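Participant: Sharing model_15.txt (compact mmCIF, C-alpha atoms) below.
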```txt
# COMPACT_ATOMS: atom_id res chain seq x y z
CA MET S 194 216.31 118.41 169.54
CA ILE S 195 219.09 115.99 168.65
CA GLN S 196 217.78 112.58 167.64
CA THR S 197 220.16 109.68 168.09
CA GLY S 198 220.38 105.97 167.57
CA LEU S 199 222.69 103.48 169.22
CA ILE S 200 224.20 100.32 167.74
CA GLN S 201 225.28 98.10 170.59
CA SER S 202 228.48 96.05 170.14
CA ALA S 203 228.88 97.03 166.49
CA HIS S 204 232.37 95.46 166.32
CA ASN S 205 234.64 93.33 168.47
CA ASP S 206 237.20 96.13 168.71
CA LEU S 207 237.53 99.90 168.35
CA VAL S 208 235.46 101.36 165.50
CA THR S 209 237.76 103.44 163.28
CA ASP S 210 235.31 104.93 160.77
CA VAL S 211 231.65 105.19 159.82
CA ALA S 212 230.32 106.35 156.47
CA TYR S 213 226.78 106.96 155.26
CA ASP S 214 225.83 106.20 151.68
CA PHE S 215 224.47 108.86 149.32
CA TYR S 216 220.89 108.49 150.57
CA GLY S 217 221.68 108.16 154.26
CA LEU S 218 219.83 104.85 154.55
CA ARG S 219 222.88 102.61 154.79
CA LEU S 220 225.90 102.84 157.03
CA ALA S 221 229.31 101.23 156.59
CA THR S 222 231.55 100.73 159.61
CA CYS S 223 235.10 99.43 159.98
CA SER S 224 237.25 98.53 162.93
CA LEU S 225 240.52 97.34 164.37
CA ASP S 226 239.04 93.85 164.02
CA GLN S 227 239.81 94.05 160.26
CA ARG S 228 236.12 93.73 159.35
CA ILE S 229 233.63 95.87 157.46
CA LYS S 230 229.95 95.90 158.30
CA VAL S 231 227.13 97.41 156.28
CA TRP S 232 223.99 98.43 158.15
CA GLN S 233 220.51 99.13 156.78
CA LEU S 234 218.13 101.60 158.39
CA ASP S 235 214.70 100.27 159.25
CA GLU S 236 212.64 103.42 158.73
CA SER S 237 209.64 101.95 160.54
CA ASN S 238 211.37 101.89 163.92
CA GLY S 239 214.67 103.75 163.36
CA ASN S 240 216.84 100.72 164.12
CA TRP S 241 220.01 99.84 162.23
CA ASN S 242 220.24 96.19 161.20
CA VAL S 243 223.43 94.55 159.97
CA GLU S 244 223.15 93.65 156.29
CA ASP S 245 226.63 92.34 155.53
CA ASP S 246 229.74 91.54 157.54
CA TRP S 247 233.09 90.34 156.23
CA LYS S 248 236.83 90.30 156.91
CA ALA S 249 238.20 92.89 154.52
CA HIS S 250 241.92 93.33 155.26
CA ASP S 251 244.86 91.76 157.06
CA ALA S 252 245.24 94.74 159.39
CA THR S 253 243.19 97.59 160.82
CA VAL S 254 240.68 99.08 158.39
CA SER S 255 241.22 102.82 158.74
CA LYS S 256 238.73 104.51 156.40
CA LEU S 257 235.72 103.90 154.17
CA SER S 258 234.17 105.81 151.28
CA TRP S 259 231.04 105.24 149.20
CA ALA S 260 231.06 105.97 145.48
CA HIS S 261 228.24 108.00 143.95
CA PRO S 262 225.25 105.71 143.22
CA GLU S 263 225.47 106.39 139.49
CA PHE S 264 228.49 104.04 139.53
CA GLY S 265 226.62 101.31 141.39
CA THR S 266 226.89 100.18 144.99
CA VAL S 267 230.64 100.58 145.40
CA LEU S 268 232.71 100.94 148.56
CA ALA S 269 236.42 101.69 149.00
CA SER S 270 238.37 100.70 152.11
CA ALA S 271 241.82 101.79 153.30
CA SER S 272 243.94 99.77 155.68
CA PHE S 273 247.11 99.63 157.71
CA ASP S 274 248.12 96.67 155.52
CA ARG S 275 249.10 99.35 152.94
CA THR S 276 246.30 98.49 150.52
CA VAL S 277 243.10 100.04 149.28
CA LYS S 278 240.35 97.69 148.19
CA ILE S 279 237.36 98.31 145.96
CA TRP S 280 234.18 96.43 146.85
CA GLU S 281 230.93 96.10 144.92
CA GLN S 282 227.63 94.70 146.10
CA THR S 283 226.35 92.12 143.65
CA THR S 284 223.34 89.85 143.48
CA PHE S 285 223.56 86.15 142.73
CA THR S 286 221.11 83.34 142.17
CA SER S 287 223.16 80.28 143.07
CA THR S 288 225.76 79.35 145.67
CA SER S 289 228.18 78.27 142.94
CA ASP S 290 228.54 81.76 141.51
CA PRO S 291 232.22 82.09 140.45
CA GLN S 292 234.61 84.62 141.90
CA PRO S 293 234.80 87.64 139.57
CA ASN S 294 238.54 88.30 139.51
CA GLY S 295 239.61 84.70 139.35
CA ALA S 296 242.11 84.91 142.20
CA GLY S 297 240.41 84.38 145.51
CA ALA S 298 238.48 87.60 145.76
CA SER S 299 236.80 87.66 149.14
CA SER S 300 233.16 88.47 149.72
CA SER S 301 230.67 88.55 152.50
CA GLN S 302 228.07 85.98 153.29
CA ALA S 303 224.68 87.58 152.92
CA THR S 304 222.85 87.64 156.21
CA SER S 305 219.30 88.01 154.96
CA GLY S 306 217.82 86.06 152.06
CA GLY S 307 221.18 85.01 150.59
CA SER S 308 220.70 87.16 147.50
CA SER S 309 223.57 89.66 147.65
CA ARG S 310 227.17 89.94 148.74
CA TRP S 311 230.12 92.28 148.57
CA VAL S 312 232.81 91.24 146.10
CA GLU S 313 236.40 92.45 146.02
CA ARG S 314 236.94 94.03 142.59
CA ALA S 315 240.41 95.55 142.86
CA VAL S 316 243.36 95.93 145.23
CA LEU S 317 245.57 99.04 145.04
CA VAL S 318 249.05 98.32 146.41
CA ASP S 319 251.12 101.41 145.54
CA SER S 320 251.38 102.82 149.06
CA ARG S 321 254.69 102.61 150.90
CA GLY S 322 253.04 103.33 154.24
CA THR S 323 249.82 102.65 156.06
CA VAL S 324 246.86 104.06 154.16
CA ARG S 325 245.07 106.50 156.44
CA ALA S 326 242.28 107.92 154.29
CA VAL S 327 240.39 107.24 151.07
CA GLU S 328 237.71 109.33 149.39
CA PHE S 329 235.92 109.12 146.06
CA SER S 330 235.93 112.32 144.03
CA PRO S 331 232.72 114.22 143.23
CA HIS S 332 230.87 112.24 140.57
CA HIS S 333 231.19 114.93 137.88
CA PHE S 334 234.93 114.13 137.68
CA GLY S 335 234.24 110.49 136.91
CA LEU S 336 235.00 107.41 138.99
CA LYS S 337 238.14 108.57 140.76
CA LEU S 338 239.42 108.22 144.29
CA ALA S 339 242.14 109.80 146.38
CA THR S 340 244.21 108.14 149.08
CA VAL S 341 246.72 109.48 151.57
CA SER S 342 249.28 107.36 153.38
CA SER S 343 251.79 107.72 156.18
CA ASP S 344 254.48 108.08 153.50
CA ASN S 345 252.95 111.58 153.01
CA HIS S 346 251.84 110.83 149.46
CA ILE S 347 248.47 111.52 147.93
CA ARG S 348 247.58 109.10 145.16
CA ILE S 349 244.79 109.68 142.67
CA TYR S 350 243.31 106.65 140.92
CA GLU S 351 240.96 106.58 137.96
CA CYS S 352 238.83 103.59 137.02
CA LEU S 353 239.41 102.61 133.39
CA GLU S 354 236.73 99.91 133.28
CA GLN S 355 233.66 101.07 135.13
CA SER S 356 231.71 97.99 134.12
CA SER S 357 234.04 95.61 135.96
CA LEU S 358 235.84 97.98 138.39
CA ALA S 359 238.91 95.79 137.89
CA THR S 360 241.37 98.24 136.30
CA TRP S 361 242.49 101.37 138.14
CA GLN S 362 245.18 103.69 136.85
CA LEU S 363 247.44 105.66 139.19
CA SER S 364 247.03 109.04 137.51
CA GLU S 365 248.78 111.21 140.11
CA GLU S 366 251.21 110.70 142.97
CA VAL S 367 252.12 113.73 145.06
CA ASP S 368 254.42 114.08 148.05
CA VAL S 369 252.46 116.63 150.06
CA SER S 370 255.33 117.36 152.43
CA THR S 371 257.55 118.64 149.60
CA LEU S 372 254.99 120.76 147.78
CA PRO S 373 256.12 124.39 148.08
CA SER S 374 254.09 126.69 150.29
CA VAL S 375 254.73 130.10 151.84
CA SER S 376 252.66 131.38 154.75
CA LEU S 377 252.45 134.93 156.01
CA PRO S 378 253.99 134.85 159.51
CA SER S 379 252.26 138.05 160.67
CA SER S 380 248.67 136.89 160.27
CA TYR S 381 246.66 134.13 161.89
CA SER S 382 243.61 134.60 159.73
CA VAL S 383 245.26 134.61 156.32
CA ALA S 384 247.78 132.16 154.90
CA PHE S 385 248.80 132.22 151.24
CA ALA S 386 250.88 129.92 149.14
CA THR S 387 252.88 130.92 146.11
CA PRO S 388 252.06 129.21 142.80
CA THR S 389 254.39 126.43 141.78
CA GLN S 390 256.95 127.57 139.24
CA THR S 391 256.75 126.05 135.78
CA SER S 392 260.39 125.03 135.94
CA ALA S 393 261.19 123.33 139.20
CA THR S 394 264.66 123.91 140.65
CA LEU S 395 266.67 121.72 142.95
CA GLU S 396 267.60 124.74 145.03
CA GLY S 397 263.98 125.22 146.16
CA ALA S 398 263.54 121.64 147.32
CA SER S 399 266.94 121.58 148.98
CA ALA S 400 266.24 124.81 150.83
CA THR S 401 263.04 123.34 152.24
CA LEU S 402 264.80 120.21 153.47
CA VAL S 403 267.66 122.20 154.96
CA ALA S 404 265.22 124.49 156.77
CA GLN S 405 263.42 121.50 158.25
CA ALA S 406 266.68 119.94 159.39
CA LEU S 407 267.85 123.19 160.97
CA GLN S 408 264.53 123.61 162.78
CA GLN S 409 264.77 120.12 164.23
CA SER S 410 268.38 120.59 165.31
CA GLN S 411 267.66 123.95 166.94
CA ASN S 412 264.62 122.64 168.80
CA PRO S 413 265.61 119.22 170.14
CA THR S 414 263.30 119.55 173.14
CA THR S 415 260.19 119.71 170.96
CA GLN S 416 260.45 116.02 170.12
CA GLY S 417 259.03 115.16 173.53
CA ARG S 418 256.18 117.66 173.42
CA PRO S 419 252.66 116.55 172.52
CA GLY S 420 251.98 116.73 168.81
CA MET S 421 255.61 117.26 167.87
CA GLY S 422 256.93 113.70 167.64
CA ASN S 423 257.99 112.06 164.41
CA ARG S 424 256.26 108.73 165.03
CA GLU S 425 253.15 107.65 163.14
CA ALA S 426 251.20 107.81 166.37
CA ASP S 427 251.76 111.58 166.57
CA GLY S 428 250.82 112.36 162.98
CA GLY S 429 247.64 112.98 161.08
CA TRP S 430 246.78 112.17 157.47
CA CYS S 431 243.54 113.41 155.95
CA ILE S 432 242.01 114.49 152.63
CA SER S 433 238.81 116.10 151.37
CA TRP S 434 237.72 116.97 147.85
CA CYS S 435 236.33 120.34 146.82
CA LYS S 436 232.67 119.71 146.00
CA ASP S 437 232.35 122.60 143.53
CA ARG S 438 232.75 121.58 139.89
CA TYR S 439 233.62 125.07 138.68
CA TRP S 440 237.12 125.16 140.17
CA GLY S 441 238.21 121.80 138.82
CA GLU S 442 239.86 119.01 140.77
CA ILE S 443 241.02 120.51 144.06
CA ILE S 444 241.77 118.58 147.22
CA ALA S 445 242.61 119.59 150.78
CA ALA S 446 245.27 117.45 152.41
CA GLY S 447 247.15 117.25 155.67
CA CYS S 448 250.15 115.01 156.37
CA GLY S 449 252.38 114.23 159.30
CA ILE S 450 252.92 116.58 162.22
CA SER S 451 253.11 119.89 160.33
CA GLY S 452 249.73 121.08 161.58
CA VAL S 453 248.82 122.64 158.23
CA ILE S 454 246.39 121.85 155.43
CA LYS S 455 247.43 122.37 151.83
CA ILE S 456 244.89 123.15 149.13
CA ILE S 457 246.18 121.36 146.03
CA GLN S 458 244.98 121.77 142.47
CA LEU S 459 245.22 118.73 140.22
CA SER S 460 245.44 119.06 136.46
CA PRO S 461 246.20 116.56 133.69
CA SER S 462 248.22 119.18 131.81
CA ARG S 463 250.64 120.23 134.56
CA ARG S 464 252.07 119.18 137.87
CA PRO S 465 249.98 119.67 141.03
CA VAL S 466 250.24 123.13 142.55
CA THR S 467 249.57 124.41 146.05
CA LEU S 468 246.92 127.12 145.90
CA LEU S 469 246.81 127.87 149.59
CA THR S 470 248.17 126.76 152.96
CA LEU S 471 245.87 126.79 155.98
CA ASP S 472 248.26 127.34 158.86
CA PRO S 473 246.89 128.37 162.27
CA SER S 474 250.30 128.54 163.95
CA PRO S 475 251.28 132.19 163.24
CA SER S 476 248.69 133.39 165.74
CA PRO S 477 249.61 136.55 167.59
CA ALA S 478 249.14 136.35 171.34
CA GLY S 479 245.80 137.52 172.58
CA LEU S 480 243.87 136.96 169.35
CA PRO S 481 240.22 136.37 170.27
CA THR S 482 238.78 133.11 169.00
CA GLU S 483 235.21 131.89 168.88
CA GLY S 484 234.73 129.50 171.75
CA GLY S 485 238.37 128.60 172.25
CA THR S 486 241.79 129.90 173.15
CA LEU S 487 245.10 129.38 171.48
CA PRO S 488 248.12 128.13 173.41
CA ALA S 489 250.16 131.26 172.83
CA GLY S 490 253.04 132.20 175.06
CA ASP S 491 255.06 135.37 175.36
CA GLY S 492 255.59 135.95 171.69
CA ASP S 493 256.21 132.27 171.03
CA ALA S 494 254.45 130.59 168.16
CA PRO S 495 251.98 127.91 169.29
CA THR S 496 253.12 124.32 169.11
CA PRO S 497 251.94 122.74 165.84
CA PHE S 498 249.68 119.76 166.33
CA ALA S 499 248.79 117.22 163.68
CA ILE S 500 245.54 117.75 161.81
CA THR S 501 243.61 114.49 161.99
CA SER S 502 240.54 115.41 159.92
CA VAL S 503 239.56 117.89 157.23
CA ALA S 504 236.16 118.41 155.62
CA TRP S 505 235.32 120.61 152.63
CA ALA S 506 231.74 121.83 152.88
CA PRO S 507 229.31 121.75 149.94
CA SER S 508 229.26 125.27 148.50
CA CYS S 509 225.49 125.52 147.88
CA GLY S 510 225.88 128.73 145.86
CA ARG S 511 228.20 130.55 148.25
CA SER S 512 230.85 132.82 146.79
CA TYR S 513 233.39 131.29 149.19
CA HIS S 514 234.23 127.86 150.59
CA LEU S 515 234.11 126.55 154.14
CA ILE S 516 236.74 124.07 155.28
CA ALA S 517 236.72 122.52 158.75
CA THR S 518 239.70 120.95 160.47
CA GLY S 519 240.14 118.95 163.65
CA GLY S 520 243.47 118.30 165.32
CA ARG S 521 245.28 116.60 168.15
CA ASP S 522 245.31 119.92 170.02
CA GLY S 523 241.55 119.53 170.56
CA HIS S 524 240.65 122.47 168.33
CA VAL S 525 237.91 122.52 165.71
CA ARG S 526 238.55 125.32 163.25
CA ILE S 527 236.39 126.62 160.42
CA TRP S 528 238.16 128.38 157.58
CA ARG S 529 236.48 130.70 155.11
CA VAL S 530 238.37 130.24 151.86
CA LYS S 531 238.00 132.80 149.08
CA PRO S 532 238.96 131.65 145.57
CA ALA S 533 241.18 133.82 143.45
CA GLU S 534 239.34 136.49 141.48
CA GLU S 535 239.90 136.18 137.78
CA GLU S 536 241.12 139.53 136.50
CA SER S 537 242.40 140.19 133.04
CA ASP S 538 244.67 143.03 134.09
CA LEU S 539 247.00 141.56 136.69
CA GLU S 540 250.09 143.44 137.71
CA GLY S 541 253.03 141.55 136.36
CA GLU S 542 252.52 138.96 133.67
CA GLY S 543 252.91 135.36 134.63
CA ARG S 544 251.62 135.84 138.16
CA ASP S 545 248.53 133.85 139.07
CA PRO S 546 245.89 135.30 141.39
CA LYS S 547 246.04 133.90 144.90
CA TRP S 548 243.45 132.27 147.09
CA SER S 549 242.93 133.63 150.60
CA ALA S 550 241.57 132.24 153.86
CA THR S 551 240.40 133.46 157.24
CA VAL S 552 239.56 131.56 160.40
CA VAL S 553 235.92 132.29 161.24
CA ALA S 554 235.64 129.92 164.21
CA ASP S 555 238.01 128.19 166.63
CA PHE S 556 236.57 125.88 169.30
CA ASP S 557 238.36 123.83 171.95
CA HIS S 558 235.31 122.36 173.71
CA HIS S 559 236.48 118.77 173.23
CA LYS S 560 239.51 119.36 175.48
CA SER S 561 241.11 116.34 173.80
CA ALA S 562 242.12 115.20 170.33
CA VAL S 563 239.51 115.59 167.61
CA GLY S 564 239.18 112.49 165.45
CA ARG S 565 236.63 113.56 162.87
CA VAL S 566 234.87 116.61 161.45
CA GLU S 567 232.03 116.39 158.91
CA TRP S 568 229.48 118.74 157.30
CA ASN S 569 225.82 118.21 156.64
CA ILE S 570 224.59 118.08 153.04
CA THR S 571 224.09 121.86 152.80
CA GLY S 572 227.29 122.88 154.56
CA THR S 573 225.40 124.76 157.28
CA VAL S 574 226.00 122.47 160.27
CA LEU S 575 229.34 121.00 161.30
CA SER S 576 229.76 117.95 163.52
CA SER S 577 232.92 116.92 165.32
CA ALA S 578 233.88 113.84 167.32
CA GLY S 579 236.60 113.88 169.95
CA ASN S 580 238.37 111.68 172.44
CA ASP S 581 236.09 113.14 175.12
CA GLY S 582 233.48 110.67 173.85
CA ARG S 583 231.14 113.31 172.51
CA VAL S 584 229.85 114.38 169.12
CA ARG S 585 229.41 118.15 169.02
CA LEU S 586 227.44 120.27 166.57
CA TRP S 587 228.29 123.78 165.39
CA LYS S 588 226.09 126.19 163.48
CA ALA S 589 226.31 129.75 162.19
CA THR S 590 223.99 132.31 163.79
CA VAL S 591 222.99 135.81 162.71
CA GLY S 592 226.01 137.60 161.31
CA ASN S 593 227.69 134.29 160.43
CA VAL S 594 228.98 133.85 163.98
CA TRP S 595 229.53 130.16 164.67
CA ARG S 596 228.19 128.81 167.95
CA PRO S 597 227.80 125.41 169.67
CA ALA S 598 224.51 123.78 168.72
CA GLY S 599 224.52 120.87 171.17
CA SER S 600 226.38 117.65 171.85
CA ILE S 601 225.68 114.01 172.48
CA GLY S 602 227.67 111.30 174.21
CA VAL S 603 227.68 107.54 173.98
CA GLU S 604 225.31 107.47 176.94
CA GLN S 605 222.81 109.39 174.74
CA SER S 606 222.40 112.18 177.26
CA GLU S 607 221.95 115.44 175.44
CA ASP S 608 223.96 118.34 176.81
CA THR S 609 221.63 121.29 176.48
CA GLN S 610 223.73 123.63 178.59
CA GLU S 611 226.35 123.96 175.84
CA ALA S 612 223.86 124.54 173.04
CA ASP S 613 223.83 128.21 172.07
CA VAL S 614 221.86 127.60 168.88
CA ASN S 615 218.44 126.08 168.29
CA MET S 616 218.84 123.40 165.64
CA ASP S 617 215.33 124.06 164.41
CA GLU S 618 216.26 127.58 163.34
CA ASN S 619 216.53 128.23 159.64
CA ALA S 620 219.99 128.67 158.23
CA VAL S 621 221.07 132.28 158.11
CA ALA S 622 221.28 133.99 154.76
CA GLU S 623 224.70 134.49 153.35
```
Could you take the file, read its structure, and then write that structure out as structure tokens?
Facilitator:
Amino acid sequence: MIQTGLIQSAHNDLVTDVAYDFYGLRLATCSLDQRIKVWQLDESNGNWNVEDDWKAHDATVSKLSWAHPEFGTVLASASFDRTVKIWEQTTFTSTSDPQPNGAGASSSQATSGGSSRWVERAVLVDSRGTVRAVEFSPHHFGLKLATVSSDNHIRIYECLEQSSLATWQLSEEVDVSTLPSVSLPSSYSVAFATPTQTSATLEGASATLVAQALQQSQNPTTQGRPGMGNREADGGWCISWCKDRYWGEIIAAGCGISGVIKIIQLSPSRRPVTLLTLDPSPSPAGLPTEGGTLPAGDGDAPTPFAITSVAWAPSCGRSYHLIATGGRDGHVRIWRVKPAEEESDLEGEGRDPKWSATVVADFDHHKSAVGRVEWNITGTVLSSAGNDGRVRLWKATVGNVWRPAGSIGVEQSEDTQEADVNMDENAVAE
């Protein structure tokens, strides 16, 4: 049974993102109306009541992210005004409480009791394009956040003053589109990337740019095909942190219209490296997929569509990782990613072990662009939202076969015909 709640007229325009806090009792929403709203769950009746509401940016607010509660009640917002803002909920005792940063920091007017408000603590202005996503890192890495913008750059910020949240250092800036990656063209289920060389050469970067230019010149007709344009409206920019502490700081990122996700390892001692490239395009014709079909022609590679959302599942003791992607082609894909095995006796010194990945599920039930994919807290149930106006659930059955587990629309009518899995069933053993 899928239980739902409905917030009527949450914003005055299209809602662009919703984000639960760590405990699932508060909900932050943002919209094209440039405002952020924070909602509190009334556990007695299940209703969501607005707690705070304020104008946050000078353009569309694209994404929100809550920090871990050990750092306080902190929220980050990304916007099309090319900024990322850090907000903190504070309590005050008088209406003459001064602004914390001294330069017109905006805050909300408390709607109940007048005892708290959200205060702007910092503004990050390094982006040269619209900021499409923001996400705080897992708390064991400290108070850090990642952003991705339409300039195809990932930026990693670290808070230097956690007490005031006022000083953030840009610790890493990576152009995802130029990071080297090599996929195996003969396999749909596995896509590797070679480790970055310790001494970068201009020839490698130039070859990549030349190859891209040649591809565009040889395929001029693809510019008019869905998903293949070069405008911002056709692209997708998304990020998701690896939740497992053991492997260090690793982030999955997608940029532009490439249709691929790169798994990037961040390290303070060396430049970022691409561990793996998740590329569904080299699919041979006729490959069976779970719940969906690929647009394969007579030997032609499928048209790449932008990936609009990526979600790295909590590992929960698994020996592998699960990464979900949603794209403008309407497909929800689940990748099983196997980390490199550490072996002391590797053939050829200087060669790092490689990560591998297989597609374990491929669904096209939305029949339209997928805007968001997200895992539950144990990484056993995946939800996806599409332009068909429905939120769909996916769950692994016996034998780790992923099946639809139901869907819900804005009209709150549960679609039981599509549910192949009972949500009350216990998660299958790995």
Participant: Using Å and a single decimal, report how far atom CA of Leu468 of chain S sits from atom CA of Trp548 of chain S.
Facilitator: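 Distance between the two atoms: 6.3 Å.
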Participant: For Phe264 of chain S, which residue among S:Tyr513, S:Trp247, S:Tyr439, S:Phe329 is the nearest when counting all atoms listed in the file?
Facilitator: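 With all atoms listed in the file as the atom set, the closest residue is S:Phe329.
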Participant: Looking at all atoms listed in the file, which of S:Ile527, S:Ala426, S:Ala212, S:Ala271 is the one that sits closest to Asp555 of chain S?
Facilitator: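 When distances to Asp555 of chain S are compared using all atoms listed in the file, the smallest one comes from S:Ile527.
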Participant: Can you work out which one of S:Pro373, S:Gly510, S:Gly519, S:Pro262 has the shortest atom-to-atom distance to Gly579 of chain S, counting all atoms listed in the file?
Facilitator: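 Ranking S:Pro373, S:Gly510, S:Gly519, S:Pro262 by distance to Gly579 of chain S, first place goes to S:Gly519.
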Participant: Counting only C-alpha atoms, figure out which residue out of S:Thr551, S:Ser508, S:Thr518, S:Thr284 gets nearest to Leu469 of chain S.
Facilitator: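 Counting only C-alpha atoms, the residue closest to Leu469 of chain S is S:Thr551.
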Participant: Find the distance between atom CA of Ile443 of chain S and atom CA of Val584 of chain S and write it in Å to one decimal.
Facilitator: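 Computed distance, atom CA of Ile443 of chain S to atom CA of Val584 of chain S, equals 28.1 Å.
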Participant: Just checking: using all atoms listed in the file, which residue out of S:Trp595, S:Trp587, S:Phe273, S:Tyr213 ends up closest to Glu425 of chain S?
Facilitator: S:Phe273
Participant: For each of S:His524, S:His346, S:Lys455, S:Lys278, take the minimum atom-to-atom distance to Leu358 of chain S, counting only C-alpha atoms, then give the residue where this is smallest.
Facilitator: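 The closest residue to Leu358 of chain S is S:Lys278.
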Participant: Skip Gln355 of chain S itself and residues of its chain fewer than 3 positions away, then list as a list of chain:residue names all residues within 10 Å of it, counting only C-alpha atoms.
Facilitator: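 In the requested form, the answer reads S:Phe264, S:Gly265, S:Gly335, S:Leu336, S:Glu351, S:Cys352, S:Leu358, S:Ala359, S:Thr360, S:Trp361.
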Participant: One decimal, Å: what's the distance from atom CA of Ser320 of chain S over to atom CA of Thr340 of chain S, could you say?
Facilitator: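 For atom CA of Ser320 of chain S relative to atom CA of Thr340 of chain S, the distance reads 8.9 Å.
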